[in-house]
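K.L.:
Pasting a structure below so you can have a look.
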Amino acid sequence: MRGLIGKRVLVSGGSSGIGLAAARRFLEEGCRVFVSGLDPTEVERAVNELRPHGDVAGGAFDVSRESDVAALMAAAVRELGAVDVLANNAGIAWREPFLEITPEHFDKMLAVNLRGMFLVGQAVGRHLVARGAAGVIVNMSSTNGIAGEEDYAHYNASKGGVLLLGKTMAVELGRHGIRVNTLCPGYIRTPLNASIAGAMTDGDFETDYIKDRIPLGRAGLAEDVAAAYAFLASDDASFVHGAELVIDGGQLAVM
Ligand SMILES: NC(=O)c1ccc[n+]([C@@H]2O[C@H](COP(=O)([O-])OP(=O)(O)OC[C@H]3O[C@@H](n4cnc5c(N)ncnc54)[C@H](O)[C@@H]3O)[C@@H](O)[C@H]2O)c1
């Protein structure tokens, strides 16, 4: 992809799943990368796994906490010199029927998936504007931010919020030369989905899910989403702004 060599990329939630694949893809494109995650051991493992692919560092920070986000930003700038691209990726999910969601569970989901996305996006936005630098922010929503799925009311609400957060960021940051777009993956095979599927007791969850809902007939891979991150961060997407890119094997096309 054009324009990525030498770019300094912060991947939040880069210690697992989609974020880990995105970090590897950015390294393969010639970027320098800082990955963050919640669990220090997982971050260390990810950095060791990524090191053969290029210049990478990482740290553990909770994106839902303001002080952690300030420390994350400081660490990324210390390691990379500056941040040009943010893959605003960290998130959590679990299934729970709407009628059983407690206010505490609702708050937890929104704190990580929406507040965290806001805090990290704002920190990088402020950093870019202060430097007078053009940059790219790619926020992580989901097909669940576009259509409802049973047992995910809190997750769907958080991801719907991310979509409009991103559009508003695009409206306000475009004039500073900062492009902002949003990814909406469908069912991607990651540790997050493995834990959700593992908690289901009815048959082979993934096989049934794919057969019923995904026209391309396979689960998405983290690498499919990593490619979309790289595209939106690259100069090949230089006029793509305020948009959402769906990566779902056709799932949203099914009536
Ligand atoms: N897997 C899918 O099917 C799918 C589909 C659409 C969107 N997404 C979104 O993609 C993103 C990555 O999901 P994944 O499937 O790779 O999950 P994953 O569980 O494999 O990775 C999640 C990452 O987020 C980090 N994280 C979680 N809570 C955090 C917190 N409080 N502070 C900092 N980091 C935190 C974890 O450390 C990890 O690095 C999430 O935002 C998720 O909602 C996933």
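A note on labels: chains of the structure tokens are A, B, ... as shown, every chain counts residues from 1, and ligands are counted from 1 in their shown order.
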Go through chain A and flag each residue having an atom no more than 6 Å from ligand 1; for those, report the closest pair of atoms plus their distance in Å to one decimal, using only C-alpha atoms and all ligand atoms, ordered by chain and rising number, as CSV.
P.N.:
residue,atom,partner,partner_atom_place_in_ligand_line,distance
A:Gly13,CA,ligand 1,39 (O),3.2
A:Gly14,CA,ligand 1,39 (O),4.7
A:Ser15,CA,ligand 1,39 (O),3.9
A:Ser16,CA,ligand 1,20 (O),4.3
A:Gly17,CA,ligand 1,16 (O),3.5
A:Ile18,CA,ligand 1,16 (O),3.8
A:Gly19,CA,ligand 1,16 (O),5.7
A:Gly37,CA,ligand 1,37 (O),3.6
A:Leu38,CA,ligand 1,37 (O),4.0
A:Asp39,CA,ligand 1,37 (O),5.7
A:Phe61,CA,ligand 1,33 (C),5.5
A:Asp62,CA,ligand 1,32 (N),3.4
A:Val63,CA,ligand 1,32 (N),4.0
A:Ser64,CA,ligand 1,31 (N),5.5
A:Asn89,CA,ligand 1,41 (O),4.9
A:Ala90,CA,ligand 1,24 (O),3.6
A:Gly91,CA,ligand 1,41 (O),3.4
A:Ile92,CA,ligand 1,27 (C),5.3
A:Val112,CA,ligand 1,31 (N),5.1
A:Met140,CA,ligand 1,41 (O),5.4
A:Ser141,CA,ligand 1,7 (C),5.7
A:Ser142,CA,ligand 1,6 (C),4.0
A:Cys184,CA,ligand 1,6 (C),6.0
A:Pro185,CA,ligand 1,6 (C),4.2
A:Gly186,CA,ligand 1,5 (C),4.9
A:Tyr187,CA,ligand 1,3 (O),3.9
A:Ile188,CA,ligand 1,3 (O),3.6
A:Arg189,CA,ligand 1,1 (N),5.8
A:Thr190,CA,ligand 1,15 (O),4.8
A:Pro191,CA,ligand 1,20 (O),4.5
A:Leu192,CA,ligand 1,19 (O),3.9
A:Asn193,CA,ligand 1,1 (N),5.4
K.L.:
Within 12 Å of Lys211 (chain A), counting only C-alpha atoms, which residues show up once you throw out same-chain ones fewer than 6 positions away? Write them as an mmCIF file with C-alpha atoms, in the first residue's frame, please.
P.N.:
data_model
loop_
_atom_site.group_PDB
_atom_site.id
_atom_site.type_symbol
_atom_site.label_atom_id
_atom_site.label_comp_id
_atom_site.auth_asym_id
_atom_site.auth_seq_id
_atom_site.Cartn_x
_atom_site.Cartn_y
_atom_site.Cartn_z
ATOM 1 C CA ASP A 204 -21.040 -26.352 16.743
ATOM 2 C CA PHE A 205 -21.653 -22.612 17.125
ATOM 3 C CA GLY A 217 -19.269 -19.479 3.623
ATOM 4 C CA ARG A 218 -16.336 -18.903 5.944
ATOM 5 C CA ALA A 219 -15.397 -17.039 9.094
ATOM 6 C CA GLY A 249 -18.344 -11.912 3.921
ATOM 7 C CA GLN A 251 -23.457 -11.005 6.282
ATOM 8 C CA VAL A 254 -28.682 -11.207 4.017
#
K.L.:
Which residues are close to region 101-109 of chain A, i.e. within 10 Å by only C-alpha atoms, leaving aside same-chain residues fewer than 4 positions away? Reply as a list in words.
P.N.:
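Residues meeting the cut-off are Ser64, Gly91, Ile92, Ala93, Trp94, Arg95, Glu96, Pro97, Asn113, Leu114, Arg115, Gly116, Asp151, Tyr152, Ala153, His154, Tyr155, Asn156, Ala157, Ser158 and Lys159 of chain A.
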K.L.:
Mind dumping the selected residues with C-alpha atoms as a short mmCIF file (atom, residue, chain, number, x, y, z; two decimals), in the first residue's frame?
P.N.:
data_model
loop_
_atom_site.label_atom_id
_atom_site.label_comp_id
_atom_site.auth_asym_id
_atom_site.auth_seq_id
_atom_site.Cartn_x
_atom_site.Cartn_y
_atom_site.Cartn_z
CA SER A 64 -11.22 3.14 29.80
CA GLY A 91 -12.64 -3.75 22.76
CA ILE A 92 -14.54 -6.39 24.68
CA ALA A 93 -17.71 -8.39 24.06
CA TRP A 94 -19.86 -10.99 25.70
CA ARG A 95 -23.39 -12.29 25.12
CA GLU A 96 -26.18 -11.51 27.57
CA PRO A 97 -29.97 -11.28 27.01
CA ASN A 113 -15.74 0.08 23.79
CA LEU A 114 -17.01 3.66 23.57
CA ARG A 115 -15.32 5.73 26.30
CA GLY A 116 -12.00 4.00 25.57
CA ASP A 151 -27.93 -11.02 23.25
CA TYR A 152 -25.63 -8.13 22.39
CA ALA A 153 -27.67 -5.02 23.32
CA HIS A 154 -24.83 -3.46 25.33
CA TYR A 155 -22.20 -4.37 22.71
CA ASN A 156 -24.42 -3.18 19.83
CA ALA A 157 -25.06 0.12 21.64
CA SER A 158 -21.33 0.64 22.19
CA LYS A 159 -20.46 -0.11 18.56
#
K.L.:
From the options A:Val120, A:Cys31, A:Leu110, A:Leu99, which residue's atoms come nearest to Gly160 (chain A), counting only C-alpha atoms?
P.N.:
A:Leu110
K.L.:
Compile a residue-level contact table for region 51-85 of chain A against region 130-136 of chain A at a cut-off of 10 Å, reporting for every qualifying residue the shortest atom pair and its distance in Å to one decimal, with only C-alpha atoms counted, rows ordered by chain and ascending number, as a tab-separated table.
P.N.:
residue	atom	partner	partner_atom	distance
A:Ala82	CA	A:Arg131	CA	9.0
A:Val83	CA	A:Gly135	CA	8.2
A:Asp84	CA	A:Gly135	CA	4.9
A:Val85	CA	A:Val136	CA	4.8
K.L.:
Looking only at helix (DSSP H, G or I) from DSSP on the backbone, list the matching residues of region 5-239 of chain A as a ChimeraX atom specification.
P.N.:
/A:17-28,40-53,66-80,98-100,103-131,143-145,153-176,191-198,205-213,222-233,235-237
K.L.:
Do a neighbour search on Thr168 (chain A) at 10 Å with only C-alpha atoms, toss out local chain neighbours closer than 5 positions, and write the hits as a ChimeraX atom specification.
P.N.:
/A:162-163,173-174,180,242
K.L.:
May I have the selected residues written with N, CA and C atoms, as a JSON list (two decimals), in the first residue's frame?
P.N.:
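File produced: part.json:
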[["chain", "number", "residue", "atom", "x", "y", "z"],
["A", 162, "VAL", "N", -19.73, 4.11, 18.47],
["A", 162, "VAL", "CA", -18.42, 4.29, 17.82],
["A", 162, "VAL", "C", -18.59, 4.82, 16.39],
["A", 163, "LEU", "N", -19.62, 4.33, 15.69],
["A", 163, "LEU", "CA", -19.84, 4.79, 14.31],
["A", 163, "LEU", "C", -20.05, 6.30, 14.26],
["A", 173, "LEU", "N", -12.10, 16.90, 12.51],
["A", 173, "LEU", "CA", -10.64, 16.77, 12.34],
["A", 173, "LEU", "C", -10.20, 16.87, 10.89],
["A", 174, "GLY", "N", -11.15, 16.74, 9.95],
["A", 174, "GLY", "CA", -10.78, 16.82, 8.53],
["A", 174, "GLY", "C", -10.06, 18.11, 8.19],
["A", 180, "VAL", "N", -10.39, 10.27, 9.32],
["A", 180, "VAL", "CA", -10.98, 9.37, 10.31],
["A", 180, "VAL", "C", -12.00, 8.45, 9.63],
["A", 242, "GLY", "N", -14.57, 9.77, 6.98],
["A", 242, "GLY", "CA", -15.91, 9.75, 7.60],
["A", 242, "GLY", "C", -16.73, 8.56, 7.16]]
K.L.:
List every residue of region 25-115 of chain A that has an atom at most 9 Å from any atom of region 227-232 of chain A, giving for each one its closest atom pair and the distance in Å to one decimal, counting only C-alpha atoms, sorted by chain and then by ascending residue number, as CSV.
P.N.:
residue,atom,partner,partner_atom,distance
A:Arg25,CA,A:Ala230,CA,7.1
A:Phe26,CA,A:Ala230,CA,6.5
A:Glu29,CA,A:Ala230,CA,8.1
A:Ala87,CA,A:Tyr229,CA,7.1
K.L.:
List the spatial neighbours of Arg24 (chain A) as a list in words - criterion: any atom at most 10 Å away, only C-alpha atoms, same-chain residues fewer than 2 positions off excluded.
P.N.:
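Residues near the query, excluding close chain neighbours: Gly14, Ile18, Gly19, Leu20, Ala21, Ala22, Phe26, Leu27, Glu28, Glu29, Cys31, Val33, Ala46, Val47, Glu49, Leu50, Arg51, Pro52, His53, Gly54, Val56, Glu223 and Ala226 of chain A.
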K.L.:
Dump C-alpha atoms for the selected residues as a compact mmCIF listing (two decimals), in the first residue's frame?
P.N.:
# COMPACT_ATOMS: atom_id res chain seq x y z
CA GLY A 14 -2.70 -4.88 19.60
CA ILE A 18 -7.40 -8.42 15.03
CA GLY A 19 -5.08 -5.86 16.64
CA LEU A 20 -2.16 -8.31 16.69
CA ALA A 21 -2.71 -9.12 12.99
CA ALA A 22 -2.96 -5.40 12.21
CA PHE A 26 1.73 -2.52 9.55
CA LEU A 27 5.23 -3.84 10.30
CA GLU A 28 5.25 -5.75 7.00
CA GLU A 29 4.27 -2.48 5.26
CA CYS A 31 5.74 1.03 9.61
CA VAL A 33 4.46 0.07 15.69
CA ALA A 46 2.78 -10.05 21.36
CA VAL A 47 5.87 -7.82 21.19
CA GLU A 49 6.00 -12.48 18.40
CA LEU A 50 6.05 -9.26 16.35
CA ARG A 51 9.73 -8.42 16.76
CA PRO A 52 10.95 -10.53 13.80
CA HIS A 53 8.63 -8.49 11.57
CA GLY A 54 10.06 -5.05 12.38
CA VAL A 56 7.91 -2.72 17.60
CA GLU A 223 -5.73 -10.82 8.52
CA ALA A 226 -5.69 -6.11 9.16
K.L.:
For a test of reading the model, state the distance in Å between CA of Leu252 (chain A) and CA of Pro215 (chain A), rounded to one decimal.
P.N.:
9.5 Å
K.L.:
Name the closest residue to Ser234 (chain A) among the candidates A:Ile137, A:Leu10, A:Ile196, A:Met117; distances are taken between atoms, counting only C-alpha atoms.
P.N.:
A:Ile137
K.L.:
Can you pull out every residue within 12 Å of Arg78 (chain A), counting only C-alpha atoms, but drop anything in the same chain fewer than 5 positions away, and send it as an mmCIF file with N, CA, C and O atoms, in the first residue's frame?
P.N.:
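What landed in out_28.cif:
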data_model
loop_
_atom_site.group_PDB
_atom_site.id
_atom_site.type_symbol
_atom_site.label_atom_id
_atom_site.label_comp_id
_atom_site.auth_asym_id
_atom_site.auth_seq_id
_atom_site.Cartn_x
_atom_site.Cartn_y
_atom_site.Cartn_z
ATOM 1 N N ARG A 8 4.437 5.924 11.882
ATOM 2 C CA ARG A 8 4.475 5.492 13.279
ATOM 3 C C ARG A 8 3.045 5.195 13.726
ATOM 4 O O ARG A 8 2.205 6.106 13.759
ATOM 5 N N LEU A 10 0.151 3.494 16.265
ATOM 6 C CA LEU A 10 -0.286 2.998 17.575
ATOM 7 C C LEU A 10 -1.481 2.075 17.354
ATOM 8 O O LEU A 10 -2.483 2.479 16.767
ATOM 9 N N PHE A 34 3.609 0.641 17.895
ATOM 10 C CA PHE A 34 3.477 0.486 19.346
ATOM 11 C C PHE A 34 2.152 -0.219 19.602
ATOM 12 O O PHE A 34 1.100 0.279 19.191
ATOM 13 N N ALA A 57 7.304 -1.911 19.797
ATOM 14 C CA ALA A 57 7.359 -1.844 21.255
ATOM 15 C C ALA A 57 5.925 -1.918 21.754
ATOM 16 O O ALA A 57 4.980 -1.864 20.958
ATOM 17 N N GLY A 58 5.761 -2.030 23.075
ATOM 18 C CA GLY A 58 4.392 -2.133 23.578
ATOM 19 C C GLY A 58 4.292 -1.837 25.050
ATOM 20 O O GLY A 58 5.304 -1.659 25.733
ATOM 21 N N GLY A 59 3.051 -1.782 25.552
ATOM 22 C CA GLY A 59 2.815 -1.557 26.975
ATOM 23 C C GLY A 59 1.371 -1.866 27.328
ATOM 24 O O GLY A 59 0.508 -1.897 26.451
ATOM 25 N N ALA A 71 -0.818 7.907 29.961
ATOM 26 C CA ALA A 71 0.442 7.155 30.046
ATOM 27 C C ALA A 71 0.703 6.379 28.757
ATOM 28 O O ALA A 71 1.858 6.278 28.302
ATOM 29 N N LEU A 72 -0.352 5.851 28.150
ATOM 30 C CA LEU A 72 -0.217 5.124 26.874
ATOM 31 C C LEU A 72 0.323 6.046 25.794
ATOM 32 O O LEU A 72 1.260 5.698 25.061
ATOM 33 N N MET A 73 -0.264 7.221 25.726
ATOM 34 C CA MET A 73 0.156 8.201 24.716
ATOM 35 C C MET A 73 1.633 8.582 24.933
ATOM 36 O O MET A 73 2.423 8.646 23.983
ATOM 37 N N VAL A 83 3.169 9.899 16.873
ATOM 38 C CA VAL A 83 2.197 8.940 16.314
ATOM 39 C C VAL A 83 1.575 9.566 15.076
ATOM 40 O O VAL A 83 1.104 10.712 15.112
#
K.L.:
Could you please write out, as a CSV table (one decimal) with all heavy atoms, in the first residue's frame, every residue of region 16-206 of chain A that DSSP assigns to strand (DSSP E)?
P.N.:
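Result file is out.csv:
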chain,number,residue,atom,x,y,z
A,32,ARG,N,6.6,1.6,11.8
A,32,ARG,CA,7.0,1.3,13.2
A,32,ARG,C,5.8,1.3,14.0
A,32,ARG,O,4.9,2.1,13.8
A,32,ARG,CB,8.0,2.4,13.6
A,32,ARG,CG,9.3,2.3,12.7
A,32,ARG,CD,10.2,3.5,13.0
A,32,ARG,NE,10.5,3.6,14.4
A,32,ARG,CZ,10.6,4.7,15.2
A,32,ARG,NH1,10.4,5.9,14.6
A,32,ARG,NH2,10.9,4.7,16.4
A,33,VAL,N,5.7,0.4,15.0
A,33,VAL,CA,4.5,0.1,15.7
A,33,VAL,C,4.6,0.1,17.2
A,33,VAL,O,5.6,-0.5,17.7
A,33,VAL,CB,3.9,-1.3,15.2
A,33,VAL,CG1,2.6,-1.7,16.0
A,33,VAL,CG2,3.6,-1.2,13.7
A,34,PHE,N,3.6,0.6,17.9
A,34,PHE,CA,3.5,0.5,19.3
A,34,PHE,C,2.2,-0.2,19.6
A,34,PHE,O,1.1,0.3,19.2
A,34,PHE,CB,3.5,1.9,20.1
A,34,PHE,CG,3.6,1.8,21.6
A,34,PHE,CD1,4.8,1.7,22.2
A,34,PHE,CD2,2.4,1.6,22.3
A,34,PHE,CE1,4.8,1.6,23.6
A,34,PHE,CE2,2.4,1.5,23.7
A,34,PHE,CZ,3.7,1.6,24.3
A,35,VAL,N,2.2,-1.4,20.3
A,35,VAL,CA,1.0,-2.1,20.6
A,35,VAL,C,0.7,-1.9,22.1
A,35,VAL,O,1.5,-2.0,22.9
A,35,VAL,CB,1.1,-3.6,20.3
A,35,VAL,CG1,1.1,-3.9,18.8
A,35,VAL,CG2,2.3,-4.3,20.9
A,36,SER,N,-0.6,-1.8,22.4
A,36,SER,CA,-1.1,-1.8,23.7
A,36,SER,C,-2.1,-2.8,23.9
A,36,SER,O,-2.8,-3.3,23.0
A,36,SER,CB,-1.6,-0.4,24.1
A,36,SER,OG,-2.9,-0.2,23.6
A,37,GLY,N,-2.3,-3.2,25.2
A,37,GLY,CA,-3.3,-4.2,25.6
A,37,GLY,C,-3.5,-4.1,27.1
A,37,GLY,O,-2.8,-3.3,27.7
A,56,VAL,N,9.1,-2.7,16.8
A,56,VAL,CA,7.9,-2.7,17.6
A,56,VAL,C,8.2,-2.6,19.1
A,56,VAL,O,9.2,-3.1,19.6
A,56,VAL,CB,7.1,-4.0,17.3
A,56,VAL,CG1,7.9,-5.3,17.7
A,56,VAL,CG2,5.7,-4.0,18.0
A,57,ALA,N,7.3,-1.9,19.8
A,57,ALA,CA,7.4,-1.8,21.3
A,57,ALA,C,5.9,-1.9,21.8
A,57,ALA,O,5.0,-1.9,21.0
A,57,ALA,CB,8.0,-0.5,21.7
A,58,GLY,N,5.8,-2.0,23.1
A,58,GLY,CA,4.4,-2.1,23.6
A,58,GLY,C,4.3,-1.8,25.0
A,58,GLY,O,5.3,-1.7,25.7
A,59,GLY,N,3.1,-1.8,25.6
A,59,GLY,CA,2.8,-1.6,27.0
A,59,GLY,C,1.4,-1.9,27.3
A,59,GLY,O,0.5,-1.9,26.5
A,60,ALA,N,1.1,-2.1,28.6
A,60,ALA,CA,-0.2,-2.4,29.1
A,60,ALA,C,-0.9,-1.2,29.8
A,60,ALA,O,-0.3,-0.7,30.7
A,60,ALA,CB,-0.1,-3.6,30.1
A,85,VAL,N,-0.5,7.4,12.9
A,85,VAL,CA,-1.6,6.5,12.6
A,85,VAL,C,-2.1,5.9,13.9
A,85,VAL,O,-1.3,5.3,14.6
A,85,VAL,CB,-1.3,5.4,11.6
A,85,VAL,CG1,-2.5,4.5,11.4
A,85,VAL,CG2,-0.9,6.0,10.2
A,86,LEU,N,-3.4,5.9,14.1
A,86,LEU,CA,-4.0,5.2,15.2
A,86,LEU,C,-5.0,4.1,14.7
A,86,LEU,O,-5.9,4.5,14.0
A,86,LEU,CB,-4.8,6.2,16.2
A,86,LEU,CG,-5.7,5.5,17.2
A,86,LEU,CD1,-4.9,4.7,18.2
A,86,LEU,CD2,-6.6,6.5,17.9
A,87,ALA,N,-4.7,2.9,15.1
A,87,ALA,CA,-5.7,1.8,14.9
A,87,ALA,C,-6.4,1.7,16.3
A,87,ALA,O,-5.8,1.1,17.2
A,87,ALA,CB,-5.0,0.5,14.5
A,88,ASN,N,-7.5,2.3,16.4
A,88,ASN,CA,-8.2,2.4,17.7
A,88,ASN,C,-9.1,1.2,17.9
A,88,ASN,O,-10.3,1.2,17.6
A,88,ASN,CB,-9.1,3.7,17.6
A,88,ASN,CG,-9.4,4.3,19.0
A,88,ASN,OD1,-8.9,3.8,20.0
A,88,ASN,ND2,-10.1,5.4,19.0
A,135,GLY,N,-2.6,13.1,9.7
A,135,GLY,CA,-2.6,11.7,10.3
A,135,GLY,C,-3.9,11.0,10.0
A,135,GLY,O,-4.7,11.5,9.3
A,136,VAL,N,-3.9,9.7,10.5
A,136,VAL,CA,-5.1,8.9,10.2
A,136,VAL,C,-5.5,8.2,11.5
A,136,VAL,O,-4.7,7.7,12.2
A,136,VAL,CB,-4.7,7.8,9.1
A,136,VAL,CG1,-5.9,6.9,8.9
A,136,VAL,CG2,-4.2,8.4,7.9
A,137,ILE,N,-6.8,8.2,11.7
A,137,ILE,CA,-7.4,7.5,12.8
A,137,ILE,C,-8.4,6.5,12.2
A,137,ILE,O,-9.3,6.9,11.4
A,137,ILE,CB,-8.1,8.4,13.8
A,137,ILE,CG1,-7.1,9.3,14.4
A,137,ILE,CG2,-8.8,7.6,14.9
A,137,ILE,CD1,-7.6,10.4,15.4
A,138,VAL,N,-8.3,5.2,12.6
A,138,VAL,CA,-9.2,4.2,12.2
A,138,VAL,C,-9.9,3.6,13.4
A,138,VAL,O,-9.2,3.0,14.3
A,138,VAL,CB,-8.6,3.1,11.3
A,138,VAL,CG1,-9.6,2.1,10.9
A,138,VAL,CG2,-7.8,3.7,10.2
A,139,ASN,N,-11.1,3.9,13.6
A,139,ASN,CA,-11.9,3.4,14.8
A,139,ASN,C,-12.5,2.0,14.5
A,139,ASN,O,-12.8,1.7,13.4
A,139,ASN,CB,-13.0,4.3,15.2
A,139,ASN,CG,-12.5,5.6,15.7
A,139,ASN,OD1,-11.4,5.7,16.3
A,139,ASN,ND2,-13.3,6.7,15.6
A,140,MET,N,-12.6,1.2,15.5
A,140,MET,CA,-13.2,-0.2,15.4
A,140,MET,C,-14.6,-0.2,15.9
A,140,MET,O,-14.9,-0.1,17.1
A,140,MET,CB,-12.3,-1.2,16.2
A,140,MET,CG,-12.9,-2.6,16.2
A,140,MET,SD,-13.2,-3.2,14.5
A,140,MET,CE,-11.6,-3.9,14.1
A,178,ILE,N,-6.6,15.5,9.2
A,178,ILE,CA,-6.6,14.2,9.9
A,178,ILE,C,-7.8,13.4,9.3
A,178,ILE,O,-8.9,13.8,9.4
A,178,ILE,CB,-6.8,14.3,11.4
A,178,ILE,CG1,-5.6,15.1,11.9
A,178,ILE,CG2,-6.8,12.9,12.1
A,178,ILE,CD1,-5.8,15.6,13.4
A,179,ARG,N,-7.5,12.2,8.7
A,179,ARG,CA,-8.6,11.4,8.1
A,179,ARG,C,-9.1,10.4,9.2
A,179,ARG,O,-8.3,9.9,10.0
A,179,ARG,CB,-8.1,10.6,6.9
A,179,ARG,CG,-8.0,11.4,5.7
A,179,ARG,CD,-7.9,10.5,4.4
A,179,ARG,NE,-6.7,9.6,4.5
A,179,ARG,CZ,-6.8,8.3,4.7
A,179,ARG,NH1,-7.9,7.7,4.9
A,179,ARG,NH2,-5.7,7.6,4.7
A,180,VAL,N,-10.4,10.3,9.3
A,180,VAL,CA,-11.0,9.4,10.3
A,180,VAL,C,-12.0,8.5,9.6
A,180,VAL,O,-12.9,8.9,9.0
A,180,VAL,CB,-11.7,10.2,11.4
A,180,VAL,CG1,-12.2,9.2,12.5
A,180,VAL,CG2,-10.8,11.2,12.1
A,181,ASN,N,-11.8,7.2,9.8
A,181,ASN,CA,-12.7,6.2,9.2
A,181,ASN,C,-13.0,5.1,10.3
A,181,ASN,O,-12.3,5.0,11.3
A,181,ASN,CB,-12.2,5.6,7.9
A,181,ASN,CG,-12.2,6.6,6.8
A,181,ASN,OD1,-13.2,7.0,6.3
A,181,ASN,ND2,-11.0,7.1,6.4
A,182,THR,N,-14.0,4.3,9.9
A,182,THR,CA,-14.4,3.2,10.9
A,182,THR,C,-14.5,1.9,10.2
A,182,THR,O,-15.0,1.8,9.1
A,182,THR,CB,-15.8,3.6,11.5
A,182,THR,OG1,-15.7,4.9,12.1
A,182,THR,CG2,-16.3,2.6,12.5
A,183,LEU,N,-14.0,0.9,10.9
A,183,LEU,CA,-14.2,-0.5,10.4
A,183,LEU,C,-15.4,-1.2,11.0
A,183,LEU,O,-15.6,-1.1,12.2
A,183,LEU,CB,-12.9,-1.3,10.7
A,183,LEU,CG,-11.6,-0.9,10.0
A,183,LEU,CD1,-10.5,-1.8,10.5
A,183,LEU,CD2,-11.8,-1.0,8.5
A,184,CYS,N,-16.1,-2.0,10.2
A,184,CYS,CA,-17.2,-2.8,10.7
A,184,CYS,C,-17.1,-4.2,10.3
A,184,CYS,O,-17.7,-4.7,9.3
A,184,CYS,CB,-18.5,-2.2,10.2
A,184,CYS,SG,-18.9,-0.5,10.7
A,185,PRO,N,-16.2,-5.0,11.0
A,185,PRO,CA,-16.1,-6.4,10.7
A,185,PRO,C,-17.3,-7.2,11.1
A,185,PRO,O,-18.0,-6.8,12.1
A,185,PRO,CB,-14.9,-6.8,11.5
A,185,PRO,CG,-14.2,-5.6,12.0
A,185,PRO,CD,-15.3,-4.6,12.1
A,188,ILE,N,-15.4,-12.6,12.9
A,188,ILE,CA,-13.9,-12.8,12.7
A,188,ILE,C,-13.4,-13.8,13.7
A,188,ILE,O,-13.8,-13.7,14.9
A,188,ILE,CB,-13.1,-11.5,12.8
A,188,ILE,CG1,-13.8,-10.3,12.0
A,188,ILE,CG2,-11.7,-11.7,12.4
A,188,ILE,CD1,-13.9,-10.5,10.5
A,189,ARG,N,-12.7,-14.8,13.2
A,189,ARG,CA,-12.2,-15.8,14.2
A,189,ARG,C,-11.0,-15.3,15.0
A,189,ARG,O,-9.9,-15.1,14.5
A,189,ARG,CB,-11.8,-17.1,13.3
A,189,ARG,CG,-11.6,-18.3,14.2
A,189,ARG,CD,-11.2,-19.5,13.3
A,189,ARG,NE,-12.3,-20.0,12.5
A,189,ARG,CZ,-12.1,-20.6,11.3
A,189,ARG,NH1,-10.9,-20.7,10.8
A,189,ARG,NH2,-13.2,-21.1,10.7
K.L.:
Which value, in Å to one decimal, gives the distance between CA of Lys167 (chain A) and CA of Ile214 (chain A)?
P.N.:
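Separating CA of Lys167 (chain A) from CA of Ile214 (chain A) is a distance of 27.1 Å.
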